Structure formats: C-alpha cells, structure tokens
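Novice: Let me begin by handing over the structure; questions about it come next.
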Amino acid sequence: MATSSLTIGRQTLAAVRLFIILTVLLGVIYPAVVWGVGRVAFHDQATGSLIRVDGKVVGSSLIGQQFTGAQWFHGRPSATNYTGSTSGGSNLPADDKRQEAAVAARAKALAGLGGTAPDALTMSASGLDPDISPAYAKLQAPSVAKARGISLAEVDKLIAAATTGRDVGFLGEPKVDVLRLNLALQRLTAKG
Amino acid sequence: MSEWVSGVLTIACLVAVLAAVHVPLGDYMAKVFTSEKDLAIERVFYRAAGVDPKSQQRWTRYAVSLLTFSGIGIVVLWLLCVFQGRLPLDRGAAMDWHTSINTAVSFVTNTNWQSYSGESGASALLQTTGLAVQNFLSAAVGLAVAVALVRGLVARKTGLVGNFWVDVVRATIRILLPLSVIAAIVLLAGGVVQDLSAPMVIDTITGSHQTIESGLVASQEAIKELGTNGGGYFNANSAHPFENPNGFTNLFEIFLLLVIPFSLPRTYGRLVGDKRQGYAVLGFMAFLWTTMLIVITWAEQAASHAATGAMEGKEVRFGVWASALFANSTTSTSTGAVNSWHESYSPIGGGGALVNMLLGEISPGGVGSGLYGALIVAILAVFIAGLMVGRTPEIHGKQVGRKEITYSALYSVTTPALVLLGTASALMVRSAKGAILATGPHGLSEILYAYASAANNNGSAFGGLSADQPFLNLTLAVCMLLGRFLPTIAVLALAGSFAAQHRRPTTDGTMPTHTPLFAGLMVGVALLVTGLTFLPVLALGPLAEALR
C-alpha cells in the first residue's frame, strides 16, 4: 500500500482544483437542476404560491399580510409588520416586562371581542405567519360581520372555507388562512 | 384530534421512518467508504485535482489535507462575502468586515451561526455558490473524519486512516448530493420556493405594499437540513413560510436533519464487522434524544396553559408540539435551523435546547461529528470502566493507553473551555453586554447559548442577542473555528494511534462494548462530564429563571 507522497504545495493545488470543481457541481449545476424541476413540475410552488385577482398578484398564499380596521380579519401581531422584506420575531421570553406589557396591551385591544386567543396575544416566529387559529377567527367574526353589514352565518361559512385541518390528518395544527379569508370576504361584499 | 394525539403521532411517524431508513442508508454509507471502485465522474475529479485515489494517508497527512481544504473554503467564502456587491445577482446585500469573517468561518465549520440577516445580508450568488456549497462540503468533511476514526479502530498496524480526498468526494457525490436532489424535489412539491427573479413588490387588497422575497431556497433547504448545517436562506430560517410552508414539510425537515446522524451508528457497526456495536451507540444517542424531547415538550406544554399558549415565537401551523420536536432535533444534531425562537421558550424548554448543545452534539449530533463525538464518549467509558475493575481499557481490541486517553481528553475539554471562557469574557466586555436583549438570568442564558452554539458548531441562537458587532462576531468565530478543528485534529490523532496498533483478540477479560449496559455507561459518562462542567452556569441561567 503506497502512502500519499503529495507535498504541501501539491496538497494546496489539489485542494483548490477540487474546490473549484465541487463548487461548479454543488453551487451551479445542482441548484439549476432543482430550479428546472421546479419550472416544469412545480411552477406554482417554486414561484411563491402567488394569488392573483384579475391577473394581478395580490399576495402569496403562504405569506401573511397586515390588516387593520374592523372590516378585515386580522392576522397575528408581527415583529416585522408583514413588510416581507425581512422576517423574524420578538425573541422576548414570557416573563420579560416588555413582553408582559405587550401582551396586556394586545389583550386590552381585544377586549371588545369578548375573549382572547393565544395566537392573538403573541408574535409569530417569522413575522409573516399567514394563519390564525380557528378560535381567533371565530372571535373576530361578529365584529367583521357587523362592519361589513353581512350575517354572521355568511362569515362563518367563509371561515370554514378558509380553514384547513392538520396535514395528512395529524401533522401540524388546524389553521385559518387570513389572506384567503379576507379575499373571500371582499369578493362576497363586492358582489352584494 | 387533540394536540396530544397529533403530537404523539407525529413523533411516532418520525421514529418509524427513521427506524426503517437507517438500516439501508447506514449499510449504503458503509459500502460507499469501503468500495474499491471509483465512479467515472469521481475519476474525472481525481484526475483534474491531481490526486491518486488509491493512495492511503497517515493521520498527519489526512489532517493536513483536511485543514488545507477547509482553509481554502474559508478564504473563498470570505471573498464571496466581501465582494458580493460587485458580483452578479447583487441586490444591495452587504456585510461588515467582521460579519464576513464570522460568516465564512461559520459555514465552513458546519455551524451556520448567522449574524447577518438572509434577506439583506447575502446575495443569491453568495447563498448558492458560497454558503450552500459549504453546506455540502462541511458535512462531507465531518463524514470523512468519522470514517477515518472507525478505520483506525479496525486497521491492523498499518498506521493508515484512508484518503481524505476520496472520502470527501464520495461523501458528496454518492451520499449528500443524491439525497439532496430527492429532498429538494419533495420540498418543492410541499411549497418551498426555487426562483431567481428579484423580490416582487405587490399592492395588497388593503392598498398597501408588500415585498415577496424569492431565492433558490429548495435546493439550499435540502442540504441545510441533511448536512446538519442550519443556515436559513431567510432570517426567520425554517419558520419562514417559504422555507417551511406546512406541517408536512416541517416533519420532513426534521427527518432530514436526523437521518444521516441516526444512520451512522449502523455504518459504524458495519465497518467494525459487528452490527451490535452500532446498536449500542444508536441506543445511547436515541436515549438522550428521547429524554430531552420529553423535557422540552413537557416544559412547553406546561407553559401553554398561560393565556399566551406559549405561542410567542411560534407559528400557528406548527403549534407547540411540532415546534418542540424541531427544537429538540435541531439542537441535538449540530443543525441549528429553527422553526420557532428558542429565546421565547419557557426557561426549561430553552434550557433543554441549550443542554442538548452542551452535551457536545452527540444525540445524535452532526453529520459525522455526532458519531465521532459518541465514540469519544465510548472511549472515555471503557477507560473509566477499565479503571474501576482494574482491566486494561480496550475498544475493538485497541488499547486505550496514555496517548489515546490524552487525545480523547483534549477532545472533551476543548468545547467546554471555549464555551465558558467565551461566555465569561463577553460578560466583561461592555459592548457585548450591551448586545443582550433579555434581563436577569435570561440575559446570561442568551450569552451562554451563543457560545455553546458556536463552540459546538450548532448555529441556533437565542435570537435577541444583537450579535452583529465586532467583539461577538470575532470571538464567536474563534469558538467556531477552534470548536471544530481542534476536536477534529484530536480525533484524527486518535485514529492514527489506533491504526498503528495490532488488533488484540477478544478474550473473556475483554469488556464488551455492544451491550445495553455499556450504552448505559456511555449515557452516564456523557451526563457526568456535562453536568460537572456546566451545572454551575446552568444554575445561574435557565435553572434560576425556572425557579423564579
């Protein structure tokens, strides 16, 4: 068995050459192949699961948006205000004074709805959480119905349509897609 | 279905799939590293690089090759970070000088600590041709070192531990790349983006604007998890809906980051010619992983009785259970990807994530590094047991003498020393103290978490820390560098000294290393070493918080 006789200089040269070849393979060819598969087989997902209304992109079904005012369902509090150009959370622990104050303020703002939900009191991890819990949606329904001048039953129907259960029956949590819900709401009231 | 049923089913599903996959994958990896044949594409690589794939290296040469290769990786990545603004696909992303040094070291050491933010700090070119390339190569280097150690254990007085170039090329071409292609396609189908167009500014239905980011995410996400790297394409990492869109992709990503580390004990068993040896190591890893999963899940579940439901820093689509499962898996491997912010966890939940790293990333640890870390624990265990019963400590017929125990001890003290010295020094520096977000004991946990993460090459963070400043960037870079390569050198030295020994025949006097008893002994050693080292500082941090 021959032992390697490469000198340090040749080692370096070998390392540089190998590094270049591997960079081309792993940094150019590999992502390009995956990109190609995305183009051909998963075009919608690969380009961001965009939602279009009358041909115009109004958002992504995966990315939450900021909604204010009583006529809309609101998403979760966001550390990034859903700008989309950045992402992240508050990183505050539960017993931090700033966190306690923020939670108290959110609870106060919700007082008019007659209840509260954990996801309404807390910031998401991404700042872009597209979902709220079914409980939080239900909580908001009466005030949205009132602001839009439609019946609670109609709003409940829209919530049900925007609710998805756990993936494959048991993965993750049941959730309501806020953008989808608000788009349905807008469509309904525009018609009426 | 209650949260409990869904959570338990998710864990059961994960365990079942891992149990099914680790056998064929472990066997396959063993074949990859023992095969006499080179693939055609590999021969092209060897010819172009000018290396002889048939030659074998002593540990010193192997280490020099490894350090040269990694050194070049750091320099090239640093240049890409610095010059990303003058290269194609630039959209204004930039890093400070100290950030670029931190980032280059971070990705080459398999840490993926990120003091930059993905959206504004790294161009698509840097992410794809720089960071993602190191996601592959750093994992391949980890595999190479683990295999070199096992070769040392089975070698019969040859003094040879393999060929570094062959190991890295095979780990990449035959293991990481094909698995990544499959994983990336599954992630694409699940909704992860793979797009090179510029971020899109859209008009929302409320009349305001939103930026929809894009990027070559699916390809990077796959190897980010599979290579236990963990560097997010976006700042929010696997909490970002474009990196981890739903409950299925979440479970799939957890599977990816666990699959190679949990399959390597099987590879080890194959390589030493005794599958039971692999099961003992697997049992050791799985016991620690399960125990910590129970601790973290219990802590978060208990915290969720509050009005906030423990949902701060967690996504609705994952909830408490799938977040805790991710947190435990990412910190017990050296991944460090996050789908929720560990700093907002309950004291014991976040503390559990911290303990996972302080254990030394062995449950099951990083790609390669988990196996060699666990084997060091096994060596310490035979040594301690040998002392207790007055037998010569042996593992696989190789004596654990003065030299071997010295290398093992060096391995074991390096990261704790870096963690404690780093934490202590940061607490004495005003600028570092000013970077802490939290108050009281949680502030200490924040700093301790950072150095534990860097020195153990994890990369997750208590994200409140404003780590993008010279002192933290540079000291954390030193911890990542030394925390990766000093233990690596110790392992290779150990491999070399084992390789130079005869393999002694097994006798009645040999302590078996394949029994449940031995796996239990390993657990005891791991807990004892970690406990003795870190209990005081844990008492001042997470434990003090929990008792408040």
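Chain labels follow the order of the structure tokens: the first chain is A, the next B, and so on; residue numbering restarts at 1 in every chain, and ligands are counted from 1 in their shown order.
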When you look at range 9-24 of chain B with a cut-off of 12 Å (counting only C-alpha atoms), what residues show up, excluding the ones that are within fewer than 6 positions of it in the same chain? I need them as a compact mmCIF listing (two decimals) with C-alpha atoms, in the first residue's frame.
Specialist:
# COMPACT_ATOMS: atom_id res chain seq x y z
CA ARG A 166 -53.88 19.09 10.01
CA ASP A 167 -51.79 17.95 7.02
CA VAL A 168 -52.33 14.26 6.27
CA GLY A 169 -54.76 14.26 9.20
CA PHE A 170 -52.22 14.61 12.01
CA LEU A 171 -49.33 16.92 11.09
CA GLY A 172 -49.24 20.47 12.45
CA GLU A 173 -52.26 22.39 13.69
CA MET B 1 -57.99 15.15 17.36
CA SER B 2 -56.30 16.67 20.37
CA GLU B 3 -52.93 18.34 20.29
CA ALA B 30 -20.58 1.74 4.82
CA LYS B 31 -20.32 0.48 1.25
CA GLY B 247 -46.89 20.53 8.84
CA PHE B 248 -45.67 18.01 6.30
CA ASN B 250 -41.89 20.55 8.92
CA LEU B 251 -41.80 16.85 9.71
CA PHE B 252 -39.82 16.18 6.53
CA GLU B 253 -37.19 18.75 7.50
CA ILE B 254 -36.88 17.22 10.98
CA PHE B 255 -36.45 13.83 9.32
CA LEU B 256 -33.76 15.20 7.01
CA LEU B 257 -31.68 16.67 9.78
CA LEU B 258 -31.81 13.47 11.82
CA VAL B 259 -31.48 10.84 9.13
CA ILE B 260 -27.73 10.74 8.49
CA PRO B 261 -26.64 11.13 12.15
CA PHE B 262 -29.04 8.36 13.21
CA SER B 263 -27.90 6.10 10.34
CA LEU B 264 -24.20 6.43 11.05
CA PRO B 265 -24.18 4.01 14.02
CA ARG B 266 -25.33 1.37 11.55
CA THR B 267 -22.46 2.36 9.24
CA TYR B 268 -20.09 2.09 12.19
CA GLY B 269 -21.41 -1.37 13.09
CA ARG B 270 -20.91 -2.48 9.51
CA LYS B 275 -23.75 -4.61 13.98
CA GLY B 278 -23.71 0.15 16.16
CA TYR B 279 -26.86 -0.59 18.10
CA LEU B 282 -27.61 4.16 18.46
CA GLY B 283 -29.25 3.27 21.77
CA ALA B 286 -31.67 7.70 20.94
CA TRP B 289 -32.66 12.45 22.18
CA THR B 290 -35.86 10.97 23.61
CA LEU B 293 -37.59 15.62 23.74
CA ILE B 294 -39.75 14.73 26.73
CA THR B 297 -42.11 19.14 25.09
CA PHE B 318 -46.72 24.13 13.75
CA TRP B 321 -45.61 20.07 19.77
CA ALA B 322 -44.10 20.29 16.30
CA SER B 323 -42.07 23.31 17.41
CA ALA B 324 -40.66 21.48 20.43
CA LEU B 325 -39.86 18.45 18.25
CA PHE B 326 -37.98 20.67 15.82
CA ASN B 328 -35.00 19.26 20.25
CA SER B 329 -33.87 17.75 16.96
Novice: Using only C-alpha atoms, find each residue in chain A having at least one atom no more than 7 Å away from chain B; report its shortest atom-to-atom pair and that distance in Å (one decimal), rows by chain then rising number, as a tab-separated table.
Specialist:
residue	atom	partner	partner_atom	distance
A:Ala2	CA	B:Ser55	CA	5.6
A:Thr3	CA	B:Gln56	CA	4.9
A:Ser4	CA	B:Ser55	CA	5.3
A:Gln11	CA	B:Ser65	CA	6.4
A:Thr12	CA	B:Thr68	CA	6.2
A:Ala14	CA	B:Ala49	CA	4.6
A:Ala15	CA	B:Phe69	CA	5.2
A:Val16	CA	B:Ile72	CA	6.9
A:Arg17	CA	B:Ala49	CA	5.0
A:Leu18	CA	B:Ala49	CA	5.3
A:Thr23	CA	B:Val133	CA	6.1
A:Leu26	CA	B:Val133	CA	5.6
A:Gly27	CA	B:Thr129	CA	4.1
A:Val28	CA	B:Thr129	CA	6.5
A:Pro31	CA	B:Ser219	CA	5.5
A:Val34	CA	B:Ser219	CA	6.2
A:Trp35	CA	B:Gln194	CA	5.7
A:Gly38	CA	B:Leu188	CA	6.6
A:Phe42	CA	B:Ala189	CA	6.1
A:Gln45	CA	B:Gly191	CA	4.6
A:Ala46	CA	B:Val193	CA	4.0
A:Thr47	CA	B:Val193	CA	5.7
A:Gly48	CA	B:Val193	CA	5.5
A:Val57	CA	B:Ile202	CA	6.6
A:Val58	CA	B:Thr204	CA	5.2
A:Gly59	CA	B:Thr204	CA	6.6
A:Leu62	CA	B:Pro241	CA	5.8
A:Ile63	CA	B:Pro241	CA	6.4
A:Thr83	CA	B:Gln210	CA	5.2
A:Gly84	CA	B:Thr211	CA	4.7
A:Ser85	CA	B:Thr211	CA	5.4
A:Thr86	CA	B:Glu119	CA	5.9
A:Ser87	CA	B:Ala236	CA	5.3
A:Gly88	CA	B:Ala236	CA	4.8
A:Gly89	CA	B:Gly313	CA	5.7
A:Ser90	CA	B:Gly313	CA	6.9
A:Asn91	CA	B:Gly464	CA	5.1
A:Leu92	CA	B:Ser344	CA	5.2
A:Pro93	CA	B:Ser344	CA	4.1
A:Ala94	CA	B:Ser344	CA	6.5
A:Pro118	CA	B:Thr308	CA	4.2
A:Asp119	CA	B:Met311	CA	6.2
A:Leu121	CA	B:Thr308	CA	5.8
A:Thr122	CA	B:Glu312	CA	4.7
A:Met123	CA	B:Glu312	CA	5.3
A:Ser124	CA	B:Gly313	CA	4.7
A:Ala125	CA	B:Gly313	CA	3.9
A:Ser126	CA	B:Ala236	CA	5.1
A:Asp129	CA	B:Glu315	CA	6.2
A:Asp131	CA	B:Val316	CA	6.1
A:Ile132	CA	B:Val316	CA	6.2
A:Ser133	CA	B:Val316	CA	6.6
A:Asp167	CA	B:Gly247	CA	5.8
A:Phe170	CA	B:Ser6	CA	4.9
A:Leu171	CA	B:Gly247	CA	4.9
A:Gly172	CA	B:Gly247	CA	4.3
A:Glu173	CA	B:Arg317	CA	5.1
A:Pro174	CA	B:Arg317	CA	6.9
A:Lys175	CA	B:Arg317	CA	6.3
Novice: As a list of chain:residue names, please: every residue in range 21-178 of chain A that a backbone DSSP assignment puts in strand (DSSP E).
Specialist: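 Selection result, strand (DSSP E) within range 21-178 of chain A: A:Leu50, A:Ile51, A:Arg52, A:Val53, A:Lys56, A:Val57, A:Val58, A:Gly59, A:Ser60, A:Asp131, A:Ile132, A:Thr163, A:Thr164, A:Lys175, A:Val176, A:Asp177.
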Novice: Excluding Lys146 in chain A and any residue of its chain fewer than 3 positions from it, enumerate the residues within 12 Å of it, using only C-alpha atoms, and give them as a PyMOL selection string.
Specialist: chain A and resi 70-72+113+140-143+149-155
Novice: As an exercise, work out the distance from CA of Pro487 in chain B to CA of Asp468 in chain B in Å and give it to one decimal place.
Specialist: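 If I compute the distance from CA of Pro487 in chain B to CA of Asp468 in chain B, I get 26.5 Å.
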Novice: Check the smallest atom-to-atom distance from each of B:Leu87, B:Ile379, B:Val166, B:Met29 to Leu271 in chain B using only C-alpha atoms, then report the winner.
Specialist: B:Met29
Novice: Excluding Gly115 in chain A and residues on its chain fewer than 6 positions from it, collect all residues at most 9 Å away from it, counting only C-alpha atoms, and give them as a list of chain:residue names.
Specialist: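 Here the qualifying residues turn out to be A:Ala107, A:Tyr136, A:Leu139.
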Novice: Please dump the current selection as a PDB file, in the first residue's frame; keep N, CA and C atoms.
Specialist:
ATOM      1  N   ALA A 107     -54.245  42.230  24.789  1.00  0.00           N
ATOM      2  CA  ALA A 107     -55.462  41.712  25.430  1.00  0.00           C
ATOM      3  C   ALA A 107     -56.491  42.833  25.572  1.00  0.00           C
ATOM      4  N   TYR A 136     -59.354  32.151  17.093  1.00  0.00           N
ATOM      5  CA  TYR A 136     -59.180  33.592  16.902  1.00  0.00           C
ATOM      6  C   TYR A 136     -60.082  34.097  15.768  1.00  0.00           C
ATOM      7  N   LEU A 139     -63.563  34.398  17.042  1.00  0.00           N
ATOM      8  CA  LEU A 139     -63.645  35.556  17.924  1.00  0.00           C
ATOM      9  C   LEU A 139     -63.873  36.852  17.135  1.00  0.00           C
TER      10      LEU A 139
END
